[in-house]
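Chemist: Input: one structure, supplied below.
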Amino acid sequence: ICIWDARGGKASIIIEDAHQFSINAVQWHPYNENLIVSAALDPFLHLHDIRHPKKPLYSFTGHALPRKSKAMYQPIFLRTGMNITSEETAPILTGGRGTECLSLYSPSTGNVISRGESDIDYTTLGAYHGSDGNSTILIAGASRKHLHLFTPVIS
C-alpha cells in the first residue's frame, strides 16, 4: 500500500507486504485519519495505523462458519450514529467470496462484533449515510444478481 502525497509528488507512507496477494480494496476510517482497512485476494482483512506501517494493527481472518472464506471483498466502515461499545462508532462490515455470510468487526478491539449467514454471496457492499448520521447499508450479491437493502439495528 502506497500513500501518495500530492503536494510533494512522492510516496509519504509505504506499507510493504500488506497482503500475500493483490489488494482489491482500501478504505479510510471515517473518523480517524490514521486508520485504513485493506482487503486482498487472500483470506485476511487488515486494519493499519499509518503511523506504524511495519505491521497491521489488527488482522481479521475469514469467517468462523463451516465454509472458509477464499477472500474478503469491499470492507466498509459503517457510521452507525451511535456507539456500539463505549469507544466504537465505525465498525467494519465485510463479506467473503464463497461464504454467503457477513462479518462485523471492531476497529477498536480487533474482535468480531457480529456474524451472519445468508443464501447470498455478498461480494459488493456499499453504505449510504443519512443526514441523521445513521447508515443504511446497500448490499449487492453480485454472483446471483440480488440486491438487498438493510438498515442496521444496534442494541
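Identifiers in the C-alpha cells: chain A, B, ... in order shown; residue index from 1 per chain; ligand index from 1 in order shown.
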Name the residues in contact with Ala11 (chain A) at a cut-off of 12 Å, using only C-alpha atoms, excluding same-chain residues fewer than 6 positions from it; report them as a PyMOL selection string.
Modeler: chain A and resi 1-5
Chemist: Write to file, as an mmCIF file, in the first residue's frame, the residues of the selection just made, with all heavy atoms.
Modeler:
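Heads up, here's the output in again-v7.cif:
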data_model
loop_
_atom_site.group_PDB
_atom_site.id
_atom_site.type_symbol
_atom_site.label_atom_id
_atom_site.label_comp_id
_atom_site.auth_asym_id
_atom_site.auth_seq_id
_atom_site.Cartn_x
_atom_site.Cartn_y
_atom_site.Cartn_z
ATOM 1 N N ILE A 1 0.873 -1.174 0.000
ATOM 2 C CA ILE A 1 0.000 0.000 0.000
ATOM 3 C C ILE A 1 0.907 1.220 0.000
ATOM 4 O O ILE A 1 1.824 1.310 0.818
ATOM 5 C CB ILE A 1 -0.924 0.025 1.232
ATOM 6 C CG1 ILE A 1 -1.855 -1.180 1.224
ATOM 7 C CG2 ILE A 1 -1.714 1.340 1.269
ATOM 8 C CD1 ILE A 1 -2.678 -1.327 2.493
ATOM 9 N N CYS A 2 0.648 2.125 -0.907
ATOM 10 C CA CYS A 2 1.456 3.336 -1.018
ATOM 11 C C CYS A 2 0.530 4.550 -0.877
ATOM 12 O O CYS A 2 -0.439 4.687 -1.618
ATOM 13 C CB CYS A 2 2.157 3.352 -2.370
ATOM 14 S SG CYS A 2 3.178 4.786 -2.633
ATOM 15 N N ILE A 3 0.816 5.388 0.081
ATOM 16 C CA ILE A 3 0.046 6.619 0.270
ATOM 17 C C ILE A 3 0.860 7.748 -0.324
ATOM 18 O O ILE A 3 1.983 8.020 0.106
ATOM 19 C CB ILE A 3 -0.267 6.852 1.761
ATOM 20 C CG1 ILE A 3 -1.104 5.672 2.277
ATOM 21 C CG2 ILE A 3 -0.983 8.185 1.951
ATOM 22 C CD1 ILE A 3 -1.338 5.667 3.752
ATOM 23 N N TRP A 4 0.299 8.360 -1.338
ATOM 24 C CA TRP A 4 0.979 9.367 -2.137
ATOM 25 C C TRP A 4 0.634 10.757 -1.641
ATOM 26 O O TRP A 4 -0.536 11.095 -1.470
ATOM 27 C CB TRP A 4 0.540 9.213 -3.589
ATOM 28 C CG TRP A 4 1.364 9.992 -4.552
ATOM 29 C CD1 TRP A 4 1.083 11.230 -5.050
ATOM 30 C CD2 TRP A 4 2.594 9.602 -5.139
ATOM 31 N NE1 TRP A 4 2.063 11.628 -5.910
ATOM 32 C CE2 TRP A 4 3.017 10.642 -5.987
ATOM 33 C CE3 TRP A 4 3.397 8.471 -5.023
ATOM 34 C CZ2 TRP A 4 4.180 10.591 -6.722
ATOM 35 C CZ3 TRP A 4 4.559 8.412 -5.754
ATOM 36 C CH2 TRP A 4 4.936 9.465 -6.589
ATOM 37 N N ASP A 5 1.657 11.575 -1.419
ATOM 38 C CA ASP A 5 1.461 12.963 -1.030
ATOM 39 C C ASP A 5 1.511 13.808 -2.294
ATOM 40 O O ASP A 5 2.585 14.022 -2.873
ATOM 41 C CB ASP A 5 2.546 13.402 -0.045
ATOM 42 C CG ASP A 5 2.341 14.809 0.481
ATOM 43 O OD1 ASP A 5 1.491 15.549 -0.073
ATOM 44 O OD2 ASP A 5 3.028 15.176 1.452
#
Chemist: Could you please determine the separation between CA of Asp42 (chain A) and CA of Asn24 (chain A) in Å, to one decimal place?
Modeler: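 Here the two named atoms are 10.0 Å from each other.
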Chemist: Can you tell me how far CA of Leu57 (chain A) sits from CA of Arg79 (chain A), in Å to one decimal?
Modeler: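 Going from CA of Leu57 (chain A) over to CA of Arg79 (chain A), I get 20.4 Å.
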Chemist: As a PyMOL selection string, which residues of region 16-69 of chain A does DSSP assign to strand (DSSP E or B)?
Modeler: chain A and resi 23-28+35-40+44-49+58-61
Chemist: Could you save the residues just selected, with N, CA and C atoms, as a short mmCIF file (atom, residue, chain, number, x, y, z; two decimals), in the first residue's frame?
Modeler:
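Everything below was put into result-v6.cif:
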data_model
loop_
_atom_site.label_atom_id
_atom_site.label_comp_id
_atom_site.auth_asym_id
_atom_site.auth_seq_id
_atom_site.Cartn_x
_atom_site.Cartn_y
_atom_site.Cartn_z
N ILE A 23 -4.10 -6.58 -3.68
CA ILE A 23 -5.05 -5.84 -2.85
C ILE A 23 -6.18 -5.35 -3.74
N ASN A 24 -7.43 -5.58 -3.32
CA ASN A 24 -8.57 -5.15 -4.14
C ASN A 24 -9.40 -4.05 -3.48
N ALA A 25 -9.07 -3.66 -2.25
CA ALA A 25 -9.83 -2.60 -1.60
C ALA A 25 -9.03 -1.96 -0.46
N VAL A 26 -9.10 -0.65 -0.38
CA VAL A 26 -8.52 0.11 0.73
C VAL A 26 -9.51 1.21 1.07
N GLN A 27 -9.77 1.42 2.35
CA GLN A 27 -10.70 2.47 2.75
C GLN A 27 -10.22 3.15 4.03
N TRP A 28 -10.35 4.48 4.05
CA TRP A 28 -10.00 5.27 5.23
C TRP A 28 -11.11 5.16 6.27
N LEU A 35 -6.21 5.55 10.41
CA LEU A 35 -6.59 4.15 10.20
C LEU A 35 -7.10 3.92 8.79
N ILE A 36 -6.62 2.82 8.18
CA ILE A 36 -7.16 2.35 6.91
C ILE A 36 -7.37 0.84 7.01
N VAL A 37 -8.35 0.35 6.27
CA VAL A 37 -8.60 -1.09 6.20
C VAL A 37 -8.29 -1.53 4.78
N SER A 38 -7.70 -2.72 4.65
CA SER A 38 -7.36 -3.24 3.32
C SER A 38 -7.83 -4.68 3.20
N ALA A 39 -8.19 -5.06 1.97
CA ALA A 39 -8.60 -6.43 1.67
C ALA A 39 -7.89 -6.84 0.39
N ALA A 40 -7.70 -8.15 0.23
CA ALA A 40 -6.97 -8.66 -0.92
C ALA A 40 -7.57 -9.99 -1.35
N PHE A 44 -7.57 -12.53 4.44
CA PHE A 44 -7.30 -11.61 5.54
C PHE A 44 -7.81 -10.21 5.25
N LEU A 45 -8.25 -9.57 6.29
CA LEU A 45 -8.63 -8.17 6.27
C LEU A 45 -7.70 -7.51 7.28
N HIS A 46 -6.98 -6.45 6.87
CA HIS A 46 -6.02 -5.82 7.77
C HIS A 46 -6.43 -4.39 8.08
N LEU A 47 -6.35 -4.03 9.36
CA LEU A 47 -6.54 -2.66 9.79
C LEU A 47 -5.16 -2.10 10.08
N HIS A 48 -4.80 -1.01 9.38
CA HIS A 48 -3.48 -0.42 9.51
C HIS A 48 -3.56 0.93 10.20
N ASP A 49 -2.60 1.17 11.08
CA ASP A 49 -2.39 2.50 11.63
C ASP A 49 -1.20 3.06 10.85
N TYR A 58 -4.58 -4.73 13.43
CA TYR A 58 -5.35 -5.96 13.60
C TYR A 58 -5.45 -6.67 12.27
N SER A 59 -5.48 -8.00 12.33
CA SER A 59 -5.74 -8.83 11.16
C SER A 59 -6.96 -9.68 11.45
N PHE A 60 -7.92 -9.61 10.57
CA PHE A 60 -9.15 -10.38 10.72
C PHE A 60 -9.08 -11.52 9.70
N THR A 61 -9.32 -12.74 10.15
CA THR A 61 -9.20 -13.88 9.26
C THR A 61 -10.55 -14.48 8.96
#
Chemist: Looking at only C-alpha atoms, which of A:Ile76, A:Val112, A:Leu104, A:Ile50 is the one that sits closest to Glu16 (chain A)?
Modeler: A:Ile50
Chemist: One number please: CA of Leu102 (chain A) to CA of Ala18 (chain A), in Å, one decimal.
Modeler: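 These two atoms are separated by 22.6 Å.
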Chemist: Pick the closest to Pro43 (chain A) from A:Thr94, A:Gly8, A:Thr109, A:Ile120: which is it, counting only C-alpha atoms?
Modeler: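 When distances to Pro43 (chain A) are compared using only C-alpha atoms, the smallest one comes from A:Thr94.
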Chemist: Could you give me, as a PyMOL selection string, the residues within 8 Å of Phe77 (chain A), counting only C-alpha atoms and dropping anything in the same chain fewer than 2 positions from it?
Modeler: chain A and resi 27+29-30+75+79+90-93
Chemist: Looking at only C-alpha atoms, which of A:Asn32, A:Ser12, A:Leu41, A:Glu117 is the one that sits closest to Cys101 (chain A)?
Modeler: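 Between A:Asn32, A:Ser12, A:Leu41, A:Glu117, the residue approaching Cys101 (chain A) most closely is A:Glu117.
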